[in-house]
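S.K.: Have a peek at my_file_22.txt (compact mmCIF, C-alpha atoms).
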# COMPACT_ATOMS: atom_id res chain seq x y z
CA MET A 6 -44.76 -30.80 12.87
CA LYS A 7 -46.41 -29.02 9.99
CA PRO A 8 -44.68 -29.28 6.58
CA ARG A 9 -44.14 -25.53 6.44
CA SER A 10 -42.49 -25.53 9.86
CA ARG A 11 -40.35 -28.50 8.85
CA ILE A 12 -39.14 -26.67 5.73
CA ARG A 13 -38.40 -23.56 7.76
CA LEU A 14 -36.41 -25.60 10.26
CA VAL A 15 -34.41 -27.30 7.50
CA LEU A 16 -33.63 -23.94 5.90
CA LEU A 17 -32.53 -22.46 9.21
CA ALA A 18 -30.30 -25.47 9.87
CA ALA A 19 -28.78 -25.20 6.40
CA LEU A 20 -28.16 -21.48 6.93
CA ALA A 21 -26.53 -22.16 10.30
CA VAL A 22 -24.24 -24.79 8.76
CA PHE A 23 -23.36 -22.45 5.88
CA LEU A 24 -22.55 -19.53 8.18
CA GLY A 25 -20.59 -21.83 10.47
CA TRP A 26 -18.50 -22.97 7.54
CA ARG A 27 -17.92 -19.36 6.52
CA LEU A 28 -16.68 -18.62 10.02
CA ILE A 29 -14.03 -21.37 10.03
CA ARG A 30 -13.07 -21.65 6.35
CA PRO A 31 -9.62 -20.50 5.16
CA MET A 32 -9.41 -16.74 4.74
CA ASN A 33 -9.25 -16.19 0.98
CA ILE A 34 -9.33 -12.42 0.77
CA PHE A 35 -8.90 -11.87 -2.97
CA ILE A 36 -9.38 -13.53 -6.33
CA VAL A 37 -6.31 -15.35 -7.64
CA SER A 38 -5.87 -14.24 -11.25
CA ASP A 39 -4.20 -16.31 -13.94
CA ALA A 40 -1.25 -13.90 -13.99
CA PHE A 41 -0.68 -14.30 -10.28
CA GLU A 42 -1.32 -17.97 -9.56
CA ARG A 43 2.32 -19.06 -10.03
CA PRO A 44 5.72 -17.50 -9.38
CA LEU A 45 7.64 -15.82 -12.19
CA PRO A 46 9.64 -18.24 -14.35
CA SER A 47 13.41 -17.78 -14.43
CA ALA A 48 14.62 -20.75 -16.49
CA ASP A 49 15.18 -18.49 -19.51
CA ALA A 50 17.42 -16.04 -17.62
CA PRO A 51 20.15 -14.73 -19.98
CA ALA A 52 23.55 -16.40 -19.71
CA PRO A 53 25.43 -13.51 -18.03
CA LEU A 54 23.04 -13.78 -15.07
CA ARG A 55 23.95 -17.11 -13.54
CA THR A 56 22.40 -16.89 -10.06
CA LEU A 57 19.97 -13.93 -10.29
CA HIS A 58 21.33 -12.69 -6.96
CA ALA A 59 21.20 -8.93 -6.50
CA GLU A 60 24.91 -8.90 -5.79
CA GLU A 61 25.43 -10.16 -9.33
CA CYS A 62 23.60 -7.11 -10.70
CA ALA A 63 25.63 -4.86 -8.40
CA GLY A 64 28.74 -5.58 -10.44
CA CYS A 65 27.49 -3.03 -12.97
CA HIS A 66 24.66 -1.24 -11.14
CA ARG A 67 26.16 -0.64 -7.69
CA GLU A 68 24.20 2.52 -6.80
CA PHE A 69 20.89 0.87 -7.68
CA TYR A 70 21.86 -2.13 -5.59
CA ASP A 71 22.85 0.01 -2.60
CA GLU A 72 19.46 1.73 -2.70
CA TRP A 73 17.57 -1.54 -3.05
CA ARG A 74 19.27 -2.92 0.07
CA THR A 75 17.63 -0.17 2.17
CA THR A 76 14.10 -0.93 0.99
CA ILE A 77 11.14 -2.93 2.25
CA HIS A 78 11.24 -4.76 -1.10
CA SER A 79 14.55 -6.31 -0.10
CA GLN A 80 12.96 -7.37 3.20
CA ALA A 81 9.73 -8.65 1.66
CA TRP A 82 10.45 -12.19 2.88
CA THR A 83 12.57 -11.60 5.98
CA ASP A 84 10.45 -8.83 7.52
CA PRO A 85 9.50 -10.19 10.97
CA TYR A 86 6.03 -8.64 10.86
CA PHE A 87 5.25 -10.31 7.53
CA GLN A 88 6.55 -13.65 8.76
CA THR A 89 4.47 -13.46 11.95
CA ASP A 90 1.32 -12.35 10.15
CA TRP A 91 1.79 -14.87 7.33
CA GLN A 92 2.25 -17.79 9.71
CA PHE A 93 -0.73 -16.64 11.79
CA ASP A 94 -2.85 -16.89 8.62
CA ASP A 95 -1.74 -20.46 7.85
CA SER A 96 1.27 -19.63 5.65
CA GLN A 97 -0.71 -19.37 2.45
CA GLN A 98 1.29 -20.34 -0.64
CA ILE A 99 -0.18 -17.51 -2.72
CA CYS A 100 1.54 -14.89 -0.53
CA LYS A 101 4.91 -16.13 -1.75
CA ASN A 102 4.16 -15.01 -5.28
CA CYS A 103 4.63 -11.39 -4.20
CA HIS A 104 7.10 -11.71 -1.33
CA ILE A 105 9.43 -14.14 -3.11
CA PRO A 106 8.12 -13.89 -6.68
CA LEU A 107 10.78 -15.87 -8.60
CA ASP A 108 10.25 -19.61 -9.03
CA ARG A 109 13.72 -20.48 -7.77
CA GLN A 110 13.07 -18.51 -4.57
CA GLN A 111 10.39 -21.01 -3.51
CA GLU A 112 10.98 -24.46 -2.01
CA HIS A 113 8.21 -26.00 -4.09
CA VAL A 114 6.88 -25.97 -7.61
CA ILE A 115 3.15 -25.74 -8.22
CA LEU A 116 1.96 -28.87 -10.04
CA GLY A 117 -1.70 -27.94 -10.07
CA PHE A 118 -4.57 -26.92 -7.81
CA ARG A 119 -7.01 -28.89 -5.71
CA ASP A 120 -9.62 -26.13 -5.88
CA SER A 121 -11.02 -23.88 -8.56
CA ASP A 122 -10.07 -20.81 -6.48
CA LYS A 123 -6.38 -21.77 -6.71
CA TRP A 124 -5.72 -21.25 -3.01
CA ASN A 125 -4.88 -24.91 -2.43
CA PRO A 126 -2.03 -25.85 -4.77
CA VAL A 127 -0.51 -29.25 -5.35
CA LEU A 128 3.19 -28.83 -4.50
CA GLY A 129 6.29 -30.76 -5.43
CA PRO A 130 9.98 -30.28 -4.55
CA ASN A 131 11.78 -27.55 -6.46
CA PRO A 132 15.21 -28.77 -7.67
CA ASP A 133 16.22 -25.19 -8.51
CA PHE A 134 15.38 -23.74 -5.09
CA ASP A 135 18.00 -21.23 -3.91
CA PRO A 136 17.71 -20.49 -0.15
CA ALA A 137 20.05 -17.50 -0.38
CA LEU A 138 18.05 -15.95 -3.22
CA GLN A 139 14.87 -16.46 -1.18
CA GLN A 140 16.25 -14.15 1.49
CA GLU A 141 16.42 -11.30 -1.03
CA GLY A 142 12.64 -10.93 -1.27
CA VAL A 143 11.66 -8.74 -4.21
CA THR A 144 15.08 -8.82 -5.80
CA CYS A 145 16.31 -7.24 -9.05
CA ALA A 146 15.22 -10.08 -11.35
CA ALA A 147 11.71 -10.08 -9.85
CA CYS A 148 11.03 -6.77 -11.59
CA HIS A 149 13.49 -6.80 -14.47
CA LEU A 150 13.57 -10.38 -15.80
CA ARG A 151 10.88 -11.07 -18.38
CA ASP A 152 10.93 -13.53 -21.30
CA GLY A 153 14.68 -14.08 -21.07
CA LYS A 154 15.49 -10.38 -21.23
CA ILE A 155 16.13 -7.54 -18.80
CA VAL A 156 13.34 -5.00 -19.10
CA GLY A 157 13.73 -1.28 -18.53
CA VAL A 158 12.84 2.09 -19.99
CA LEU A 159 16.27 2.51 -21.64
CA GLY A 160 17.11 0.41 -24.67
CA THR A 161 20.76 -0.30 -25.46
CA THR A 162 22.81 -2.74 -27.50
CA ASN A 163 25.91 -2.40 -25.31
CA ALA A 164 24.60 -4.37 -22.33
CA PRO A 165 26.12 -7.82 -21.69
CA HIS A 166 22.60 -9.24 -21.51
CA PRO A 167 19.61 -8.90 -23.86
CA VAL A 168 17.44 -5.87 -23.11
CA LYS A 169 13.76 -5.28 -23.71
CA MET A 170 12.45 -1.73 -23.54
CA ILE A 171 9.07 -1.07 -21.93
CA ASP A 172 7.08 2.09 -22.52
CA ASP A 173 6.10 2.62 -18.91
CA PRO A 174 7.69 1.04 -15.82
CA ASN A 175 4.43 1.24 -13.88
CA GLN A 176 3.48 -1.89 -15.81
CA VAL A 177 5.87 -3.91 -13.64
CA CYS A 178 4.26 -2.66 -10.43
CA VAL A 179 0.75 -3.84 -11.16
CA ARG A 180 1.46 -7.56 -10.88
CA CYS A 181 1.45 -7.29 -7.09
CA HIS A 182 -0.33 -3.98 -6.61
CA VAL A 183 -3.41 -4.62 -8.70
CA VAL A 184 -6.79 -6.23 -8.13
CA GLU A 185 -8.70 -8.46 -10.48
CA GLY A 186 -11.84 -10.48 -10.25
CA ASP A 187 -15.24 -10.11 -8.67
CA ARG A 188 -17.31 -12.73 -6.92
CA TRP A 189 -20.39 -12.65 -4.75
CA ASP A 190 -18.63 -13.88 -1.60
CA THR A 191 -15.35 -11.95 -1.88
CA PHE A 192 -16.23 -8.34 -1.38
CA LEU A 193 -12.72 -7.13 -0.55
CA ARG A 194 -11.52 -6.99 -4.13
CA PHE A 195 -7.83 -6.26 -3.68
CA PRO A 196 -4.70 -7.97 -2.41
CA PRO A 197 -3.38 -6.48 0.86
CA CYS A 198 -1.29 -3.95 -1.08
CA GLY A 199 -3.61 -3.53 -4.06
CA THR A 200 -3.33 0.22 -4.32
CA VAL A 201 -4.22 0.37 -8.02
CA ALA A 202 -7.81 -0.40 -7.08
CA GLU A 203 -7.73 2.53 -4.66
CA ILE A 204 -6.43 4.88 -7.34
CA GLN A 205 -9.35 3.88 -9.52
CA ALA A 206 -11.87 4.22 -6.71
CA THR A 207 -10.70 7.61 -5.40
CA PRO A 208 -13.49 10.13 -5.98
CA ASN A 209 -12.88 13.66 -7.29
CA SER A 210 -9.36 12.85 -8.45
CA ARG A 211 -8.64 16.22 -9.99
CA LEU A 212 -5.87 18.79 -9.93
CA ARG A 213 -5.30 22.13 -11.59
CA SER A 214 -3.76 22.03 -15.05
CA ASP A 215 -0.74 23.97 -13.80
CA ASP A 216 -0.20 21.54 -10.93
CA ARG A 217 1.81 18.36 -10.82
CA VAL A 218 1.23 15.16 -8.96
CA SER A 219 3.03 15.64 -5.67
CA MET A 220 6.26 13.65 -5.46
CA THR A 221 6.21 13.01 -9.20
CA ASP A 222 8.26 14.42 -12.03
CA HIS A 223 5.71 14.85 -14.81
CA PRO A 224 2.11 16.10 -15.08
CA VAL A 225 -0.84 13.82 -14.93
CA VAL A 226 -2.18 12.63 -18.29
CA PRO A 227 -3.63 15.91 -19.65
CA THR A 228 -7.34 15.26 -19.91
CA VAL A 229 -8.92 18.66 -19.31
CA ALA A 230 -12.39 18.63 -17.81
CA PRO A 231 -14.88 20.58 -19.96
CA GLY A 232 -15.47 24.12 -18.76
CA THR A 233 -12.69 23.99 -16.18
CA HIS A 234 -8.98 24.58 -15.85
CA GLU A 235 -8.42 21.25 -14.20
CA THR A 236 -6.74 18.12 -15.40
CA VAL A 237 -8.59 14.94 -14.47
CA LEU A 238 -6.58 12.00 -13.20
CA SER A 239 -7.66 9.15 -15.39
CA THR A 240 -8.89 5.93 -13.80
CA PRO A 241 -7.91 3.17 -16.22
CA SER A 242 -9.62 -0.18 -16.28
CA ILE A 243 -7.83 -3.48 -15.93
CA HIS A 244 -8.87 -5.91 -18.59
CA GLN A 245 -6.17 -8.19 -19.94
CA LYS A 246 -2.92 -9.94 -19.14
CA GLY A 247 0.49 -9.71 -20.72
CA GLY A 248 2.42 -12.68 -22.02
CA SER A 249 4.97 -12.67 -19.19
CA GLY A 250 2.63 -12.55 -16.24
CA GLU A 251 1.89 -8.83 -16.10
CA THR A 252 -1.62 -7.50 -15.84
CA VAL A 253 -2.11 -4.86 -18.50
CA VAL A 254 -3.54 -1.55 -17.34
CA PRO A 255 -4.24 0.81 -20.23
CA ASN A 256 -2.28 4.03 -19.74
CA THR A 257 -0.33 2.84 -16.70
CA ALA A 258 1.54 6.16 -16.67
CA SER A 259 -1.54 7.73 -15.09
CA LEU A 260 -1.12 5.53 -12.02
CA GLY A 261 1.99 7.44 -10.95
CA CYS A 262 3.65 4.49 -9.20
CA VAL A 263 7.30 4.98 -10.15
CA GLN A 264 6.87 8.73 -10.59
CA CYS A 265 6.14 8.92 -6.87
CA HIS A 266 8.10 6.05 -5.32
CA MET A 267 11.14 6.06 -7.64
CA PRO A 268 12.21 9.72 -8.01
CA LEU A 269 14.43 10.78 -10.90
CA VAL A 270 18.15 11.31 -10.49
CA GLU A 271 21.02 12.17 -12.85
CA ARG A 272 23.68 9.45 -12.81
CA PRO A 273 25.16 6.74 -15.03
CA LEU A 274 23.15 3.58 -15.57
CA VAL A 275 26.36 1.62 -15.06
CA GLU A 276 29.54 2.61 -13.28
CA GLY A 277 31.66 4.80 -15.52
CA GLY A 278 28.89 5.07 -18.10
CA GLN A 279 27.10 8.00 -19.70
CA LEU A 280 25.24 10.39 -17.41
CA ARG A 281 21.53 9.70 -17.76
CA THR A 282 18.21 10.50 -16.16
CA VAL A 283 17.34 7.34 -14.25
CA ARG A 284 15.16 6.41 -11.30
CA ARG A 285 16.23 5.78 -7.75
CA HIS A 286 15.27 2.34 -6.46
CA LEU A 287 13.80 3.42 -3.12
CA TRP A 288 10.05 2.67 -3.05
CA ARG A 289 9.54 4.61 0.17
CA GLY A 290 6.07 4.40 1.67
CA GLY A 291 4.33 4.04 5.01
CA HIS A 292 7.50 3.01 6.86
CA ASP A 293 9.13 6.34 6.00
CA PRO A 294 7.85 9.38 7.96
CA THR A 295 9.36 11.76 5.40
CA MET A 296 7.43 10.13 2.57
CA VAL A 297 4.18 10.23 4.54
CA THR A 298 4.54 13.90 5.44
CA ARG A 299 5.13 14.73 1.79
CA GLY A 300 1.76 13.25 0.97
CA LEU A 301 -0.12 14.55 4.01
CA GLU A 302 -0.56 18.26 4.66
CA VAL A 303 -1.56 19.19 8.22
CA SER A 304 -2.59 22.61 9.54
CA PHE A 305 -3.68 23.63 13.03
CA GLU A 306 -5.13 27.07 13.74
CA GLU A 307 -7.57 28.97 15.90
CA GLU A 308 -10.79 30.39 14.54
CA PRO A 309 -13.08 32.90 16.22
CA GLY A 310 -15.99 31.34 18.07
CA GLN A 311 -19.61 32.39 17.91
CA SER A 312 -19.31 34.17 21.26
CA VAL A 313 -16.60 36.12 23.07
CA ASP A 314 -15.96 33.29 25.50
CA GLU A 315 -15.85 30.51 22.90
CA ARG A 316 -12.55 29.45 21.34
CA ILE A 317 -12.46 27.07 18.39
CA TYR A 318 -9.37 25.22 17.11
CA ILE A 319 -9.35 23.50 13.73
CA LEU A 320 -7.03 20.68 12.69
CA THR A 321 -7.11 19.99 8.94
CA LEU A 322 -5.55 16.97 7.22
CA THR A 323 -5.30 16.92 3.41
CA ASN A 324 -4.08 14.18 1.09
CA VAL A 325 -1.99 16.36 -1.23
CA GLY A 326 0.39 13.74 -2.57
CA ALA A 327 -0.86 10.16 -2.58
CA ALA A 328 -2.77 9.04 -5.68
CA HIS A 329 -4.34 6.34 -3.51
CA TYR A 330 -6.06 6.63 -0.16
CA LEU A 331 -3.95 7.74 2.77
CA PRO A 332 -2.91 5.66 4.58
CA THR A 333 -2.80 2.64 2.29
CA GLY A 334 -1.32 -0.85 2.32
CA THR A 335 -2.79 -3.46 4.62
CA PRO A 336 -6.02 -2.53 6.42
CA ASP A 337 -3.98 -2.65 9.65
CA ARG A 338 -2.54 0.79 8.92
CA PHE A 339 -4.30 3.91 10.13
CA LEU A 340 -3.81 7.50 11.24
CA SER A 341 -4.72 8.71 14.71
CA VAL A 342 -5.58 12.27 15.69
CA ASP A 343 -5.46 13.51 19.27
CA LEU A 344 -6.60 16.97 20.37
CA ARG A 345 -5.95 17.95 23.97
CA LEU A 346 -6.54 20.94 26.20
CA LEU A 347 -3.69 21.33 28.71
CA ASP A 348 -3.20 23.41 31.85
CA SER A 349 0.08 25.02 32.94
CA ASN A 350 1.26 21.70 34.44
CA GLY A 351 0.58 19.76 31.26
CA ARG A 352 -2.46 18.07 32.78
CA VAL A 353 -5.14 17.10 30.26
CA LEU A 354 -8.38 18.98 30.88
CA LYS A 355 -10.21 17.82 27.75
CA GLU A 356 -9.36 15.59 24.82
CA GLN A 357 -10.66 14.12 21.56
CA HIS A 358 -9.44 11.04 19.70
CA HIS A 359 -10.10 10.18 16.06
CA THR A 360 -8.88 7.51 13.65
CA LEU A 361 -8.64 7.47 9.87
CA LYS A 362 -8.80 3.82 8.91
CA ARG A 363 -10.47 1.16 6.83
CA SER A 364 -12.73 -1.09 8.88
CA VAL A 365 -13.45 -4.50 7.40
CA MET A 366 -15.65 -7.39 8.55
CA TRP A 367 -13.72 -10.53 7.66
CA ARG A 368 -16.16 -13.29 8.63
CA PRO A 369 -18.54 -14.78 7.69
CA PHE A 370 -18.22 -12.49 4.63
CA ILE A 371 -15.56 -9.95 3.74
CA ILE A 372 -17.35 -6.62 3.69
CA ASP A 373 -16.08 -3.05 3.88
CA LEU A 374 -17.92 -1.55 6.83
CA TRP A 375 -16.63 2.00 6.62
CA ASP A 376 -13.59 3.88 5.42
CA THR A 377 -12.51 7.17 7.00
CA ARG A 378 -9.14 7.44 5.26
CA LEU A 379 -8.28 10.40 3.06
CA PRO A 380 -8.92 10.08 -0.69
CA ARG A 381 -6.73 12.00 -3.12
CA TRP A 382 -6.94 15.79 -2.80
CA GLN A 383 -9.53 15.58 -0.03
CA SER A 384 -9.41 17.10 3.45
CA ARG A 385 -10.71 16.22 6.89
CA ARG A 386 -11.44 18.92 9.51
CA TYR A 387 -11.57 18.31 13.24
CA GLU A 388 -13.07 21.01 15.44
CA PHE A 389 -12.01 21.37 19.06
CA SER A 390 -13.80 23.89 21.28
CA VAL A 391 -12.39 25.33 24.49
CA PRO A 392 -14.89 26.08 27.28
CA PRO A 393 -14.76 29.36 29.23
CA ASP A 394 -12.34 29.62 32.15
CA ASP A 395 -13.80 27.67 35.09
CA GLY A 396 -11.09 28.42 37.65
CA GLN A 397 -8.40 26.20 36.09
CA PRO A 398 -7.36 28.29 33.10
CA PRO A 399 -6.14 26.26 30.13
CA VAL A 400 -2.77 27.24 28.71
CA THR A 401 -2.41 25.37 25.42
CA VAL A 402 -4.28 23.26 22.91
CA GLU A 403 -2.20 20.44 21.45
CA ALA A 404 -2.70 18.47 18.23
CA VAL A 405 -0.87 15.20 17.58
CA VAL A 406 -1.12 13.08 14.42
CA ARG A 407 0.44 9.60 14.34
CA TYR A 408 0.88 6.98 11.61
CA HIS A 409 0.22 3.42 12.76
CA LEU A 410 1.68 0.51 10.84
CA LEU A 411 -0.23 -1.93 12.99
CA ASP A 412 -2.98 -1.77 15.59
CA GLU A 413 -1.86 -2.84 19.05
CA LYS A 414 -4.76 -5.29 19.37
CA ARG A 415 -3.75 -6.94 16.12
CA ARG A 416 -0.12 -7.08 17.25
CA LEU A 417 -1.10 -8.91 20.40
CA ARG A 418 -3.47 -11.24 18.53
CA ILE A 419 -0.87 -12.47 16.07
CA GLY A 420 1.91 -12.53 18.67
CA TYR A 421 4.21 -10.09 16.89
CA GLU A 422 7.11 -9.13 19.17
CA ASN A 423 8.19 -5.95 17.43
CA ARG A 424 11.71 -4.62 17.89
CA GLU A 425 10.85 -1.37 16.13
CA PRO A 426 7.94 0.97 16.93
CA ILE A 427 4.68 0.14 15.17
CA ALA A 428 3.66 3.82 15.15
CA TYR A 429 5.39 7.15 14.76
CA GLU A 430 4.50 10.81 15.10
CA ILE A 431 4.14 12.90 11.96
CA PHE A 432 2.72 16.12 13.41
CA ARG A 433 2.64 17.86 16.79
CA GLN A 434 1.78 21.48 17.49
CA LYS A 435 0.65 23.53 20.49
CA LEU A 436 -1.31 26.76 20.34
CA ALA A 437 -1.67 29.12 23.27
CA THR A 438 -5.28 29.67 24.26
CA ASN A 439 -4.77 33.43 24.16
CA SER A 440 -3.47 33.44 20.59
CA LEU A 441 -6.32 35.65 19.32
CA PRO A 442 -7.00 39.11 20.75
CA ARG A 443 -10.32 39.63 22.49
Could you render the structure as structure tokens?
M.R.:
Amino acid sequence: MKPRSRIRLVLLAALAVFLGWRLIRPMNIFIVSDAFERPLPSADAPAPLRTLHAEECAGCHREFYDEWRTTIHSQAWTDPYFQTDWQFDDSQQICKNCHIPLDRQQEHVILGFRDSDKWNPVLGPNPDFDPALQQEGVTCAACHLRDGKIVGVLGTTNAPHPVKMIDDPNQVCVRCHVVEGDRWDTFLRFPPCGTVAEIQATPNSRLRSDDRVSMTDHPVVPTVAPGTHETVLSTPSIHQKGGSGETVVPNTASLGCVQCHMPLVERPLVEGGQLRTVRRHLWRGGHDPTMVTRGLEVSFEEEPGQSVDERIYILTLTNVGAAHYLPTGTPDRFLSVDLRLLDSNGRVLKEQHHTLKRSVMWRPFIIDLWDTRLPRWQSRRYEFSVPPDDGQPPVTVEAVVRYHLLDEKRRLRIGYENREPIAYEIFRQKLATNSLPR
């Protein structure tokens, strides 16, 4: 064999081995930052908070507690879909740092790491592990306990525990909903719920200066674009870490996290206390049809065709409320659009099917293939034409839009036996085919 052929063969063999390893290696889908590599410490919890259980906080903050109990945050660990998906992907330790973020919620302490990527930790038994606290998922202390104090936007000296005031509560959100790091072989640069990266990446993020971010209670940071009457939604960079494990995003108020997902309400901070403007602890998102329909505007109407016999129907979807792409969250979520032509018996004569989703190649490299979701303020139009009457006159044209929390193929692959629907309808409308005069 010639030397050149031998070298080519060796290179091909090395490439085959490398790609084979990439196909079977553990699925590390994001960069583990320093702020995220370990759970949040709780040893310095103030004395009045003995257990850090949410029920303990409910003694003074009952209405906040009652809201929290209804949320996905409270089910972050017990959610059967998460448990199935997590176990299918080898029960990665790093996932616990969002789903049970307090150190005493985890059975083990992290003693170190076997790899530079920090996906393979050295674990030891945790003497402070609290199984009951683990069941609470993202509990009160996960967001409010920092450096031995309870953080919030209201400062007071009357609380039975030390209080630390923060300028913007969005800062708490970014620990789990942010992306950091860039590396040649990890092209999907966000955790599964890293919506901050999507806010930054959304093109044409503008709104009129007299508008307000949908589902928020204050205007976007007022940066007026030159020569226009529009206010530009800023896209802050992420460049440093706070002392208590938070990732610092300059001007976090522009992200709109709590302004959207924690609406304002007038009520006392504590039972029997002074009436204040506070935030509801709801965090509604993709699991809530009402929240989705507030962010997604849908219209369905007939437009004149180019000829007398042609009928054109237009379905338009617009992201009017979400600062991130719609839908967001894990790449499993997507929107489906179905347009159907029906006869008088409801029989389908013609149909179209579309999906708005993020398609990702996971192996051998993680690469975004295409993304048909809706960026902020952008629309998507679907045209549906009706052919001339061919002896079976159509009666109606129907449009149906559904939100999918999980693709059926993925559900079957991971073995998730769902007790609740994995999709729900957010829009349905029928138009008669004779709705325009001829």
S.K.: Please identify all polymer residues within 7 Å of Gly160 of chain A, counting all atoms listed in the file, omitting same-chain residues fewer than 6 positions from it, and present them as a list in words.
M.R.: Val168, Lys169 and Met170 of chain A
S.K.: Would you mind telling me which residue in A:Gly157, A:Pro136, A:Pro44, A:Pro399 lies nearest to Cys181 of chain A when using only C-alpha atoms?
M.R.: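 Closest to Cys181 of chain A of all the choices is A:Pro44.
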S.K.: Given all atoms listed in the file, how would the per-residue table for segment 95-164 of chain A near segment 75-81 of chain A read, listing every residue at most 9 Å away with its closest atom pair and distance in Å to one decimal, sorted by chain and number, as a Markdown table?
M.R.:
| residue | atom | partner | partner_atom | distance |
| --- | --- | --- | --- | --- |
| A:Cys103 | CA | A:Ala81 | CA | 8.2 |
| A:His104 | CA | A:Ala81 | CA | 5.0 |
| A:Ile105 | CA | A:Ala81 | CA | 7.3 |
| A:Gln140 | CA | A:Gln80 | CA | 7.7 |
| A:Glu141 | CA | A:Ser79 | CA | 5.4 |
| A:Gly142 | CA | A:Ala81 | CA | 4.7 |
| A:Val143 | CA | A:His78 | CA | 5.1 |
| A:Thr144 | CA | A:Ser79 | CA | 6.3 |
S.K.: Quick one: distance from atom CA of Leu57 of chain A to atom CA of Gly153 of chain A in Å, one decimal?
M.R.: 12.0 Å
S.K.: Just give me the gap between atom CA of Asn175 of chain A and atom CA of Val263 of chain A in Å, one decimal is fine.
M.R.: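 Taking atom CA of Asn175 of chain A as the start and atom CA of Val263 of chain A as the end point, the length is 6.0 Å.
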S.K.: Choose the residue, out of A:Asn350, A:Asn423, A:Ser384, A:Ser259, that has the smallest atom-to-atom separation from Val325 of chain A; count only C-alpha atoms.
M.R.: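 Among A:Asn350, A:Asn423, A:Ser384, A:Ser259, it is A:Ser384 that comes nearest to Val325 of chain A.
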S.K.: Name the closest residue to Glu306 of chain A among the candidates A:Val275, A:Ala59, A:Val402, A:Leu280; distances are taken between atoms, counting only C-alpha atoms.
M.R.: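 When distances to Glu306 of chain A are compared using only C-alpha atoms, the smallest one comes from A:Val402.
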S.K.: My list of candidates is A:Pro132, A:Pro51, A:Pro106, A:Gly117. Which is closest to Ala164 of chain A when distances are computed with all atoms listed in the file?
M.R.: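 Result for the nearest residue to Ala164 of chain A: A:Pro51.
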S.K.: Name the closest residue to Asp39 of chain A among the candidates A:Ile99, A:Leu379, A:Leu411, A:Leu347; distances are taken between atoms, counting only C-alpha atoms.
M.R.: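 The answer is A:Ile99, which sits nearest to Asp39 of chain A.
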S.K.: Counting all atoms listed in the file, which of A:Pro369, A:Pro380, A:Glu315, A:Gly420 gets nearest to Gly25 of chain A?
M.R.: A:Pro369
S.K.: Atom CA of Cys265 of chain A to atom CA of Phe35 of chain A: how many Å, to one decimal?
M.R.: 26.0 Å
S.K.: Extract, using all atoms listed in the file, all DNA, RNA and protein residues at most 8 Å from Val365 of chain A, discarding same-chain residues fewer than 4 positions from it, and format them as a PyMOL selection string.
M.R.: chain A and resi 336+371-375
S.K.: What's the 6 Å shell around segment 268-272 of chain A, counting all atoms listed in the file, without same-chain residues fewer than 5 positions away, as number ranges by chain?
M.R.: A: 280-285
S.K.: Name the residues in contact with Trp91 of chain A at a cut-off of 12 Å, using only C-alpha atoms, excluding same-chain residues fewer than 3 positions from it; report them as a PDB file with C-alpha atoms, in the coordinates of the input.
M.R.:
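File written: part-v6.pdb
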ATOM      1  CA  MET A  32      -9.410 -16.740   4.740  1.00  0.00           C
ATOM      2  CA  ALA A  81       9.730  -8.650   1.660  1.00  0.00           C
ATOM      3  CA  TRP A  82      10.450 -12.190   2.880  1.00  0.00           C
ATOM      4  CA  THR A  83      12.570 -11.600   5.980  1.00  0.00           C
ATOM      5  CA  ASP A  84      10.450  -8.830   7.520  1.00  0.00           C
ATOM      6  CA  PRO A  85       9.500 -10.190  10.970  1.00  0.00           C
ATOM      7  CA  TYR A  86       6.030  -8.640  10.860  1.00  0.00           C
ATOM      8  CA  PHE A  87       5.250 -10.310   7.530  1.00  0.00           C
ATOM      9  CA  GLN A  88       6.550 -13.650   8.760  1.00  0.00           C
ATOM     10  CA  ASP A  94      -2.850 -16.890   8.620  1.00  0.00           C
ATOM     11  CA  ASP A  95      -1.740 -20.460   7.850  1.00  0.00           C
ATOM     12  CA  SER A  96       1.270 -19.630   5.650  1.00  0.00           C
ATOM     13  CA  GLN A  97      -0.710 -19.370   2.450  1.00  0.00           C
ATOM     14  CA  GLN A  98       1.290 -20.340  -0.640  1.00  0.00           C
ATOM     15  CA  ILE A  99      -0.180 -17.510  -2.720  1.00  0.00           C
ATOM     16  CA  CYS A 100       1.540 -14.890  -0.530  1.00  0.00           C
ATOM     17  CA  LYS A 101       4.910 -16.130  -1.750  1.00  0.00           C
ATOM     18  CA  HIS A 104       7.100 -11.710  -1.330  1.00  0.00           C
ATOM     19  CA  PRO A 197      -3.380  -6.480   0.860  1.00  0.00           C
ATOM     20  CA  ILE A 419      -0.870 -12.470  16.070  1.00  0.00           C
ATOM     21  CA  GLY A 420       1.910 -12.530  18.670  1.00  0.00           C
ATOM     22  CA  TYR A 421       4.210 -10.090  16.890  1.00  0.00           C
TER      23      TYR A 421
END
S.K.: In file coordinates, which residues lie within 8 Å of (-1.8, 11.6, 3.9) using all atoms listed in the file, given as a CSV table (one decimal) with C-alpha atoms, in the frame of the given file?
M.R.:
chain,number,residue,atom,x,y,z
A,297,VAL,CA,4.2,10.2,4.5
A,298,THR,CA,4.5,13.9,5.4
A,299,ARG,CA,5.1,14.7,1.8
A,300,GLY,CA,1.8,13.2,1.0
A,301,LEU,CA,-0.1,14.6,4.0
A,302,GLU,CA,-0.6,18.3,4.7
A,322,LEU,CA,-5.6,17.0,7.2
A,323,THR,CA,-5.3,16.9,3.4
A,324,ASN,CA,-4.1,14.2,1.1
A,325,VAL,CA,-2.0,16.4,-1.2
A,326,GLY,CA,0.4,13.7,-2.6
A,327,ALA,CA,-0.9,10.2,-2.6
A,330,TYR,CA,-6.1,6.6,-0.2
A,331,LEU,CA,-4.0,7.7,2.8
A,332,PRO,CA,-2.9,5.7,4.6
A,379,LEU,CA,-8.3,10.4,3.1
